[in-house]
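Note: the block below is upload.txt and it holds compact mmCIF, N, CA and C atoms.
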# COMPACT_ATOMS: atom_id res chain seq x y z
N MET A 25 93.54 92.07 65.96
CA MET A 25 94.97 92.17 66.22
C MET A 25 95.24 93.00 67.47
N ILE A 26 94.53 94.13 67.59
CA ILE A 26 94.75 95.00 68.75
C ILE A 26 94.33 94.29 70.04
N ASN A 27 93.24 93.49 69.97
CA ASN A 27 92.80 92.75 71.16
C ASN A 27 93.85 91.73 71.60
N LYS A 28 94.52 91.11 70.65
CA LYS A 28 95.56 90.14 70.98
C LYS A 28 96.72 90.84 71.69
N ILE A 29 97.11 91.99 71.21
CA ILE A 29 98.19 92.76 71.84
C ILE A 29 97.78 93.19 73.24
N LEU A 30 96.54 93.66 73.38
CA LEU A 30 96.05 94.08 74.70
C LEU A 30 96.00 92.90 75.67
N ASN A 31 95.58 91.74 75.19
CA ASN A 31 95.55 90.54 76.04
C ASN A 31 96.95 90.17 76.52
N ILE A 32 97.92 90.24 75.63
CA ILE A 32 99.30 89.94 76.01
C ILE A 32 99.81 90.98 77.01
N LEU A 33 99.48 92.23 76.80
CA LEU A 33 99.88 93.28 77.73
C LEU A 33 99.27 93.06 79.11
N ILE A 34 98.01 92.64 79.16
CA ILE A 34 97.36 92.33 80.44
C ILE A 34 98.09 91.19 81.14
N ILE A 35 98.46 90.16 80.40
CA ILE A 35 99.18 89.02 81.00
C ILE A 35 100.54 89.47 81.55
N ILE A 36 101.23 90.33 80.83
CA ILE A 36 102.53 90.84 81.29
C ILE A 36 102.35 91.65 82.57
N ILE A 37 101.33 92.50 82.62
CA ILE A 37 101.10 93.32 83.82
C ILE A 37 100.74 92.43 85.00
N PHE A 38 99.88 91.44 84.78
CA PHE A 38 99.55 90.50 85.85
C PHE A 38 100.80 89.78 86.35
N SER A 39 101.65 89.33 85.44
CA SER A 39 102.87 88.62 85.83
C SER A 39 103.78 89.50 86.68
N PHE A 40 103.93 90.75 86.27
CA PHE A 40 104.73 91.71 87.03
C PHE A 40 104.13 91.91 88.42
N GLY A 41 102.82 92.07 88.48
CA GLY A 41 102.14 92.29 89.76
C GLY A 41 102.23 91.09 90.68
N ILE A 42 102.02 89.91 90.14
CA ILE A 42 102.08 88.70 90.96
C ILE A 42 103.50 88.48 91.47
N TYR A 43 104.49 88.73 90.63
CA TYR A 43 105.88 88.60 91.08
C TYR A 43 106.17 89.56 92.24
N GLY A 44 105.80 90.82 92.08
CA GLY A 44 106.05 91.80 93.13
C GLY A 44 105.27 91.51 94.40
N ALA A 45 104.01 91.15 94.25
CA ALA A 45 103.18 90.87 95.43
C ALA A 45 103.64 89.61 96.15
N SER A 46 104.11 88.62 95.40
CA SER A 46 104.56 87.39 96.07
C SER A 46 105.77 87.64 96.96
N ASN A 47 106.66 88.52 96.54
CA ASN A 47 107.79 88.88 97.40
C ASN A 47 107.31 89.55 98.68
N LEU A 48 106.33 90.43 98.55
CA LEU A 48 105.80 91.12 99.71
C LEU A 48 105.03 90.17 100.63
N VAL A 49 104.27 89.26 100.05
CA VAL A 49 103.53 88.26 100.83
C VAL A 49 104.51 87.38 101.60
N TYR A 50 105.61 87.00 100.95
CA TYR A 50 106.62 86.18 101.62
C TYR A 50 107.22 86.93 102.82
N LYS A 51 107.54 88.20 102.62
CA LYS A 51 108.08 89.01 103.72
C LYS A 51 107.06 89.13 104.85
N GLU A 52 105.81 89.34 104.50
CA GLU A 52 104.76 89.46 105.51
C GLU A 52 104.62 88.15 106.28
N TYR A 53 104.65 87.05 105.56
CA TYR A 53 104.49 85.74 106.19
C TYR A 53 105.64 85.42 107.14
N THR A 54 106.86 85.77 106.74
CA THR A 54 108.03 85.43 107.56
C THR A 54 108.35 86.48 108.63
N LEU A 55 108.22 87.75 108.29
CA LEU A 55 108.62 88.81 109.22
C LEU A 55 107.47 89.39 110.03
N LYS A 56 106.26 89.29 109.51
CA LYS A 56 105.04 89.84 110.12
C LYS A 56 105.07 91.37 110.15
N GLN A 57 103.91 91.94 110.07
CA GLN A 57 103.68 93.38 110.18
C GLN A 57 104.44 94.21 109.15
N VAL A 58 104.62 93.65 107.96
CA VAL A 58 105.24 94.38 106.86
C VAL A 58 104.17 95.18 106.12
N CYS A 59 102.99 94.57 105.97
CA CYS A 59 101.89 95.19 105.23
C CYS A 59 100.87 95.79 106.19
N PRO A 60 100.24 96.90 105.79
CA PRO A 60 99.13 97.41 106.60
C PRO A 60 97.99 96.39 106.59
N GLN A 61 97.16 96.43 107.61
CA GLN A 61 96.08 95.46 107.70
C GLN A 61 94.72 96.09 107.40
N ILE A 62 93.86 95.29 106.79
CA ILE A 62 92.48 95.68 106.50
C ILE A 62 91.61 94.63 107.18
N LEU A 63 90.86 95.05 108.18
CA LEU A 63 90.02 94.14 108.96
C LEU A 63 90.81 92.95 109.50
N GLY A 64 92.04 93.21 109.93
CA GLY A 64 92.89 92.18 110.51
C GLY A 64 93.62 91.30 109.51
N ILE A 65 93.44 91.56 108.23
CA ILE A 65 94.11 90.78 107.18
C ILE A 65 95.16 91.66 106.52
N PRO A 66 96.41 91.17 106.40
CA PRO A 66 97.41 91.98 105.71
C PRO A 66 96.96 92.34 104.29
N ALA A 67 97.07 93.59 103.94
CA ALA A 67 96.61 94.08 102.64
C ALA A 67 97.31 93.36 101.49
N CYS A 68 98.55 92.96 101.68
CA CYS A 68 99.26 92.27 100.58
C CYS A 68 98.64 90.92 100.27
N TYR A 69 98.03 90.25 101.26
CA TYR A 69 97.32 88.99 101.00
C TYR A 69 96.09 89.26 100.13
N ILE A 70 95.38 90.32 100.45
CA ILE A 70 94.19 90.68 99.68
C ILE A 70 94.57 91.06 98.26
N ILE A 71 95.62 91.85 98.13
CA ILE A 71 96.09 92.27 96.80
C ILE A 71 96.52 91.05 95.98
N MET A 72 97.19 90.10 96.61
CA MET A 72 97.60 88.88 95.89
C MET A 72 96.38 88.12 95.38
N ALA A 73 95.36 87.98 96.20
CA ALA A 73 94.13 87.32 95.75
C ALA A 73 93.48 88.10 94.61
N CYS A 74 93.55 89.42 94.71
CA CYS A 74 92.97 90.28 93.67
C CYS A 74 93.81 90.28 92.39
N LEU A 75 94.97 89.73 92.43
CA LEU A 75 95.78 89.52 91.22
C LEU A 75 95.51 88.13 90.63
N ILE A 76 95.51 87.13 91.49
CA ILE A 76 95.41 85.75 91.01
C ILE A 76 94.02 85.44 90.44
N ILE A 77 92.97 85.82 91.14
CA ILE A 77 91.61 85.49 90.68
C ILE A 77 91.30 86.16 89.34
N PRO A 78 91.51 87.48 89.20
CA PRO A 78 91.26 88.07 87.88
C PRO A 78 92.19 87.54 86.78
N PHE A 79 93.41 87.19 87.14
CA PHE A 79 94.35 86.63 86.15
C PHE A 79 93.79 85.31 85.60
N ILE A 80 93.30 84.46 86.48
CA ILE A 80 92.73 83.19 86.05
C ILE A 80 91.49 83.43 85.19
N THR A 81 90.64 84.38 85.61
CA THR A 81 89.44 84.65 84.81
C THR A 81 89.81 85.20 83.43
N HIS A 82 90.89 85.98 83.38
CA HIS A 82 91.34 86.51 82.09
C HIS A 82 91.90 85.40 81.19
N LEU A 83 92.73 84.55 81.77
CA LEU A 83 93.36 83.48 80.98
C LEU A 83 92.34 82.51 80.39
N PHE A 84 91.34 82.16 81.20
CA PHE A 84 90.39 81.13 80.78
C PHE A 84 89.08 81.69 80.25
N GLY A 85 88.99 83.01 80.15
CA GLY A 85 87.82 83.63 79.56
C GLY A 85 86.56 83.50 80.39
N PHE A 86 86.71 83.40 81.71
CA PHE A 86 85.55 83.32 82.58
C PHE A 86 84.83 84.66 82.60
N ASN A 87 83.74 84.69 83.30
CA ASN A 87 82.90 85.88 83.40
C ASN A 87 83.73 87.12 83.78
N HIS A 88 83.58 88.19 83.01
CA HIS A 88 84.33 89.42 83.27
C HIS A 88 83.96 90.04 84.62
N LYS A 89 82.82 89.67 85.14
CA LYS A 89 82.38 90.19 86.44
C LYS A 89 83.43 89.92 87.52
N TYR A 90 83.99 88.71 87.53
CA TYR A 90 84.99 88.35 88.53
C TYR A 90 86.29 89.11 88.33
N TYR A 91 86.62 89.35 87.08
CA TYR A 91 87.80 90.15 86.76
C TYR A 91 87.66 91.55 87.37
N PHE A 92 86.52 92.17 87.10
CA PHE A 92 86.32 93.54 87.56
C PHE A 92 86.08 93.65 89.07
N ILE A 93 85.51 92.62 89.67
CA ILE A 93 85.36 92.63 91.14
C ILE A 93 86.75 92.62 91.78
N GLY A 94 87.60 91.71 91.31
CA GLY A 94 88.95 91.60 91.88
C GLY A 94 89.81 92.82 91.63
N THR A 95 89.85 93.26 90.38
CA THR A 95 90.69 94.42 90.08
C THR A 95 90.10 95.70 90.67
N GLY A 96 88.77 95.78 90.71
CA GLY A 96 88.12 96.97 91.30
C GLY A 96 88.37 97.08 92.79
N LEU A 97 88.28 95.94 93.49
CA LEU A 97 88.57 95.94 94.93
C LEU A 97 90.01 96.36 95.19
N ALA A 98 90.93 95.78 94.44
CA ALA A 98 92.35 96.12 94.61
C ALA A 98 92.63 97.57 94.24
N LEU A 99 91.98 98.05 93.20
CA LEU A 99 92.16 99.46 92.81
C LEU A 99 91.66 100.38 93.91
N THR A 100 90.57 100.02 94.54
CA THR A 100 90.04 100.81 95.66
C THR A 100 91.03 100.83 96.82
N ILE A 101 91.55 99.65 97.17
CA ILE A 101 92.53 99.56 98.26
C ILE A 101 93.78 100.36 97.92
N ALA A 102 94.26 100.23 96.70
CA ALA A 102 95.47 100.95 96.28
C ALA A 102 95.23 102.45 96.25
N THR A 103 94.03 102.87 95.88
CA THR A 103 93.71 104.31 95.88
C THR A 103 93.75 104.86 97.30
N TYR A 104 93.06 104.17 98.22
CA TYR A 104 93.10 104.63 99.61
C TYR A 104 94.51 104.60 100.16
N GLY A 105 95.24 103.52 99.88
CA GLY A 105 96.62 103.42 100.36
C GLY A 105 97.49 104.55 99.82
N SER A 106 97.32 104.89 98.55
CA SER A 106 98.11 105.95 97.93
C SER A 106 97.77 107.31 98.53
N ILE A 107 96.48 107.55 98.73
CA ILE A 107 96.06 108.83 99.34
C ILE A 107 96.58 108.94 100.77
N PHE A 108 96.43 107.86 101.55
CA PHE A 108 96.91 107.87 102.93
C PHE A 108 98.43 108.01 102.98
N GLN A 109 99.13 107.38 102.05
CA GLN A 109 100.59 107.50 101.98
C GLN A 109 100.97 108.95 101.66
N TYR A 110 100.30 109.53 100.69
CA TYR A 110 100.62 110.89 100.25
C TYR A 110 100.44 111.89 101.40
N PHE A 111 99.37 111.74 102.16
CA PHE A 111 99.09 112.67 103.25
C PHE A 111 99.73 112.26 104.58
N GLY A 112 100.49 111.17 104.59
CA GLY A 112 101.20 110.75 105.79
C GLY A 112 100.31 110.12 106.85
N ILE A 113 99.13 109.68 106.47
CA ILE A 113 98.21 109.05 107.43
C ILE A 113 98.67 107.63 107.75
N SER A 114 99.16 106.92 106.74
CA SER A 114 99.71 105.58 106.95
C SER A 114 100.91 105.40 106.04
N GLU A 115 101.60 104.31 106.25
CA GLU A 115 102.84 104.06 105.52
C GLU A 115 102.71 102.76 104.73
N CYS A 116 102.93 102.84 103.43
CA CYS A 116 102.94 101.65 102.57
C CYS A 116 104.35 101.08 102.55
N PRO A 117 104.46 99.76 102.35
CA PRO A 117 105.81 99.20 102.15
C PRO A 117 106.44 99.85 100.92
N LYS A 118 107.76 99.95 100.94
CA LYS A 118 108.46 100.62 99.84
C LYS A 118 109.39 99.65 99.12
N THR A 119 109.67 99.98 97.87
CA THR A 119 110.64 99.21 97.09
C THR A 119 112.04 99.55 97.60
N GLY A 120 113.03 98.85 97.09
CA GLY A 120 114.41 99.15 97.45
C GLY A 120 114.79 100.57 97.09
N GLY A 121 114.14 101.13 96.06
CA GLY A 121 114.41 102.49 95.63
C GLY A 121 113.59 103.54 96.39
N GLY A 122 112.76 103.08 97.33
CA GLY A 122 111.99 104.01 98.15
C GLY A 122 110.62 104.39 97.60
N ILE A 123 110.17 103.76 96.52
CA ILE A 123 108.85 104.06 95.95
C ILE A 123 107.80 103.28 96.74
N PRO A 124 106.77 103.96 97.25
CA PRO A 124 105.70 103.24 97.96
C PRO A 124 105.01 102.24 97.02
N MET A 125 104.86 101.03 97.49
CA MET A 125 104.27 99.99 96.66
C MET A 125 102.79 100.21 96.39
N CYS A 126 102.13 101.00 97.23
CA CYS A 126 100.72 101.30 96.95
C CYS A 126 100.60 102.13 95.67
N TYR A 127 101.60 102.96 95.37
CA TYR A 127 101.58 103.72 94.12
C TYR A 127 101.70 102.78 92.92
N ILE A 128 102.59 101.80 93.04
CA ILE A 128 102.78 100.83 91.97
C ILE A 128 101.52 99.98 91.81
N SER A 129 100.96 99.57 92.93
CA SER A 129 99.73 98.78 92.91
C SER A 129 98.60 99.55 92.24
N PHE A 130 98.50 100.84 92.54
CA PHE A 130 97.47 101.67 91.91
C PHE A 130 97.65 101.67 90.40
N MET A 131 98.86 101.87 89.93
CA MET A 131 99.11 101.91 88.48
C MET A 131 98.84 100.56 87.83
N ILE A 132 99.20 99.47 88.49
CA ILE A 132 98.94 98.14 87.95
C ILE A 132 97.44 97.92 87.77
N PHE A 133 96.67 98.14 88.83
CA PHE A 133 95.24 97.85 88.76
C PHE A 133 94.49 98.85 87.89
N PHE A 134 94.92 100.09 87.88
CA PHE A 134 94.29 101.07 87.00
C PHE A 134 94.51 100.65 85.54
N SER A 135 95.72 100.21 85.23
CA SER A 135 96.04 99.75 83.87
C SER A 135 95.22 98.51 83.50
N LEU A 136 95.09 97.57 84.43
CA LEU A 136 94.35 96.35 84.16
C LEU A 136 92.87 96.64 83.89
N VAL A 137 92.28 97.53 84.66
CA VAL A 137 90.87 97.89 84.45
C VAL A 137 90.72 98.60 83.11
N LEU A 138 91.58 99.56 82.86
CA LEU A 138 91.51 100.33 81.62
C LEU A 138 91.69 99.44 80.38
N LEU A 139 92.67 98.56 80.42
CA LEU A 139 92.92 97.68 79.28
C LEU A 139 91.77 96.71 79.03
N LYS A 140 91.18 96.20 80.10
CA LYS A 140 90.06 95.26 79.93
C LYS A 140 88.85 95.98 79.34
N PHE A 141 88.61 97.22 79.75
CA PHE A 141 87.52 98.01 79.14
C PHE A 141 87.80 98.25 77.67
N LYS A 142 89.04 98.44 77.32
CA LYS A 142 89.42 98.69 75.93
C LYS A 142 89.17 97.47 75.05
N ILE A 143 89.34 96.27 75.63
CA ILE A 143 89.12 95.03 74.88
C ILE A 143 87.65 94.79 74.61
N LYS A 144 86.80 95.13 75.56
CA LYS A 144 85.35 94.81 75.45
C LYS A 144 84.69 95.48 74.30
Full structure transcribed into structure tokens:
Amino acid sequence: MINKILNILIIIIFSFGIYGASNLVYKEYTLKQVCPQILGIPACYIIMACLIIPFITHLFGFNHKYYFIGTGLALTIATYGSIFQYFGISECPKTGGGIPMCYISFMIFFSLVLLKFKIK
């Protein structure tokens, strides 16, 4: 029973993340230079891939390795982004309320990793 609840919670978190990231990807695609870049690729594109691939692996029960590679990579990016944002080294895109999205991304991916470990 608890695993079913955790699976539903993971799906809700993924849905929230994909919705938020898709808005940011759209802004990056249309306006350009909205997201910081990693090796010349906008970070929001990488984060979106790191949401979609693990989401698919979760839904269809594929190898957990791909889930953790995607969420782990995104968690690493979000951690660096949050630290750099906090110390003023770089600037993350912000929500309408002024919250840096790298903080939200960190919480999303940290939760996804933690919940998946709890299910195993």
Any idea what the distance is between atom C of Ile77 (chain A) and atom N of Gly96 (chain A)?
-> 10.0 Å
One-decimal distance in Å that lies between atom C of Thr103 (chain A) and atom N of Lys142 (chain A) | 21.5 Å
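Atom to atom, CA of Gly85 (chain A) and CA of Ile101 (chain A) stand 25.0 Å apart.
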Which of these, A:Tyr53, A:Phe141, A:Phe133, A:Phe108, has the shortest distance to Phe38 (chain A) once you count only C-alpha atoms?
-> A:Phe133
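Residues surrounding Glu52 (chain A) within 9 Å are Asn47, Leu48, Lys56, Gln57, Val58, Cys59, Pro66, Cys68 and Tyr69 of chain A [only C-alpha atoms; sequence separation below 4 positions excluded].
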Contact residues around region 32-35 of chain A with only C-alpha atoms at 8 Å, ignoring same-chain residues under 6 positions, as number ranges by chain | A: 79, 136, 139-140
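Shortest atom-to-atom contact with Leu83 (chain A) among A:Ser39, A:Ala67, A:Met131, A:Ile113: A:Ser39, counting only C-alpha atoms.
Among the candidates A:Ile132, A:Glu115, A:Leu138, A:Gln109, the one nearest to Pro60 (chain A) when counting all atoms listed in the file is A:Glu115.
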Within chain A, find each residue whose DSSP state, derived from the backbone, is alpha helix (DSSP H), and express the selection as number ranges by chain.
-> A: 26-55, 67-84, 88-110, 125-143
Can you work out which one of A:Ile143, A:Val49, A:Leu30, A:Cys126 has the shortest atom-to-atom distance to Met72 (chain A), counting only N, CA and C atoms?
-> A:Val49
Could you pull the residues within 8 Å of Tyr91 (chain A), counting only N, CA and C atoms, minus those fewer than 2 positions along the same chain, as a VMD selection string?
-> chain A and resid 77 to 82 86 to 89 93 to 97 137
Only N, CA and C atoms, please: the residues just picked out, written as a PDB file, in the frame of the given file.
ATOM      1  N   ILE A  77      92.970  85.820  91.140  1.00  0.00           N
ATOM      2  CA  ILE A  77      91.610  85.490  90.680  1.00  0.00           C
ATOM      3  C   ILE A  77      91.300  86.160  89.340  1.00  0.00           C
ATOM      4  N   PRO A  78      91.510  87.480  89.200  1.00  0.00           N
ATOM      5  CA  PRO A  78      91.260  88.070  87.880  1.00  0.00           C
ATOM      6  C   PRO A  78      92.190  87.540  86.780  1.00  0.00           C
ATOM      7  N   PHE A  79      93.410  87.190  87.140  1.00  0.00           N
ATOM      8  CA  PHE A  79      94.350  86.630  86.150  1.00  0.00           C
ATOM      9  C   PHE A  79      93.790  85.310  85.600  1.00  0.00           C
ATOM     10  N   ILE A  80      93.300  84.460  86.480  1.00  0.00           N
ATOM     11  CA  ILE A  80      92.730  83.190  86.050  1.00  0.00           C
ATOM     12  C   ILE A  80      91.490  83.430  85.190  1.00  0.00           C
ATOM     13  N   THR A  81      90.640  84.380  85.610  1.00  0.00           N
ATOM     14  CA  THR A  81      89.440  84.650  84.810  1.00  0.00           C
ATOM     15  C   THR A  81      89.810  85.200  83.430  1.00  0.00           C
ATOM     16  N   HIS A  82      90.890  85.980  83.380  1.00  0.00           N
ATOM     17  CA  HIS A  82      91.340  86.510  82.090  1.00  0.00           C
ATOM     18  C   HIS A  82      91.900  85.400  81.190  1.00  0.00           C
ATOM     19  N   PHE A  86      86.710  83.400  81.710  1.00  0.00           N
ATOM     20  CA  PHE A  86      85.550  83.320  82.580  1.00  0.00           C
ATOM     21  C   PHE A  86      84.830  84.660  82.600  1.00  0.00           C
ATOM     22  N   ASN A  87      83.740  84.690  83.300  1.00  0.00           N
ATOM     23  CA  ASN A  87      82.900  85.880  83.400  1.00  0.00           C
ATOM     24  C   ASN A  87      83.730  87.120  83.780  1.00  0.00           C
ATOM     25  N   HIS A  88      83.580  88.190  83.010  1.00  0.00           N
ATOM     26  CA  HIS A  88      84.330  89.420  83.270  1.00  0.00           C
ATOM     27  C   HIS A  88      83.960  90.040  84.620  1.00  0.00           C
ATOM     28  N   LYS A  89      82.820  89.670  85.140  1.00  0.00           N
ATOM     29  CA  LYS A  89      82.380  90.190  86.440  1.00  0.00           C
ATOM     30  C   LYS A  89      83.430  89.920  87.520  1.00  0.00           C
ATOM     31  N   ILE A  93      85.510  92.620  89.670  1.00  0.00           N
ATOM     32  CA  ILE A  93      85.360  92.630  91.140  1.00  0.00           C
ATOM     33  C   ILE A  93      86.750  92.620  91.780  1.00  0.00           C
ATOM     34  N   GLY A  94      87.600  91.710  91.310  1.00  0.00           N
ATOM     35  CA  GLY A  94      88.950  91.600  91.880  1.00  0.00           C
ATOM     36  C   GLY A  94      89.810  92.820  91.630  1.00  0.00           C
ATOM     37  N   THR A  95      89.850  93.260  90.380  1.00  0.00           N
ATOM     38  CA  THR A  95      90.690  94.420  90.080  1.00  0.00           C
ATOM     39  C   THR A  95      90.100  95.700  90.670  1.00  0.00           C
ATOM     40  N   GLY A  96      88.770  95.780  90.710  1.00  0.00           N
ATOM     41  CA  GLY A  96      88.120  96.970  91.300  1.00  0.00           C
ATOM     42  C   GLY A  96      88.370  97.080  92.790  1.00  0.00           C
ATOM     43  N   LEU A  97      88.280  95.940  93.490  1.00  0.00           N
ATOM     44  CA  LEU A  97      88.570  95.940  94.930  1.00  0.00           C
ATOM     45  C   LEU A  97      90.010  96.360  95.190  1.00  0.00           C
ATOM     46  N   VAL A 137      92.280  97.530  84.660  1.00  0.00           N
ATOM     47  CA  VAL A 137      90.870  97.890  84.450  1.00  0.00           C
ATOM     48  C   VAL A 137      90.720  98.600  83.110  1.00  0.00           C
TER      49      VAL A 137
END
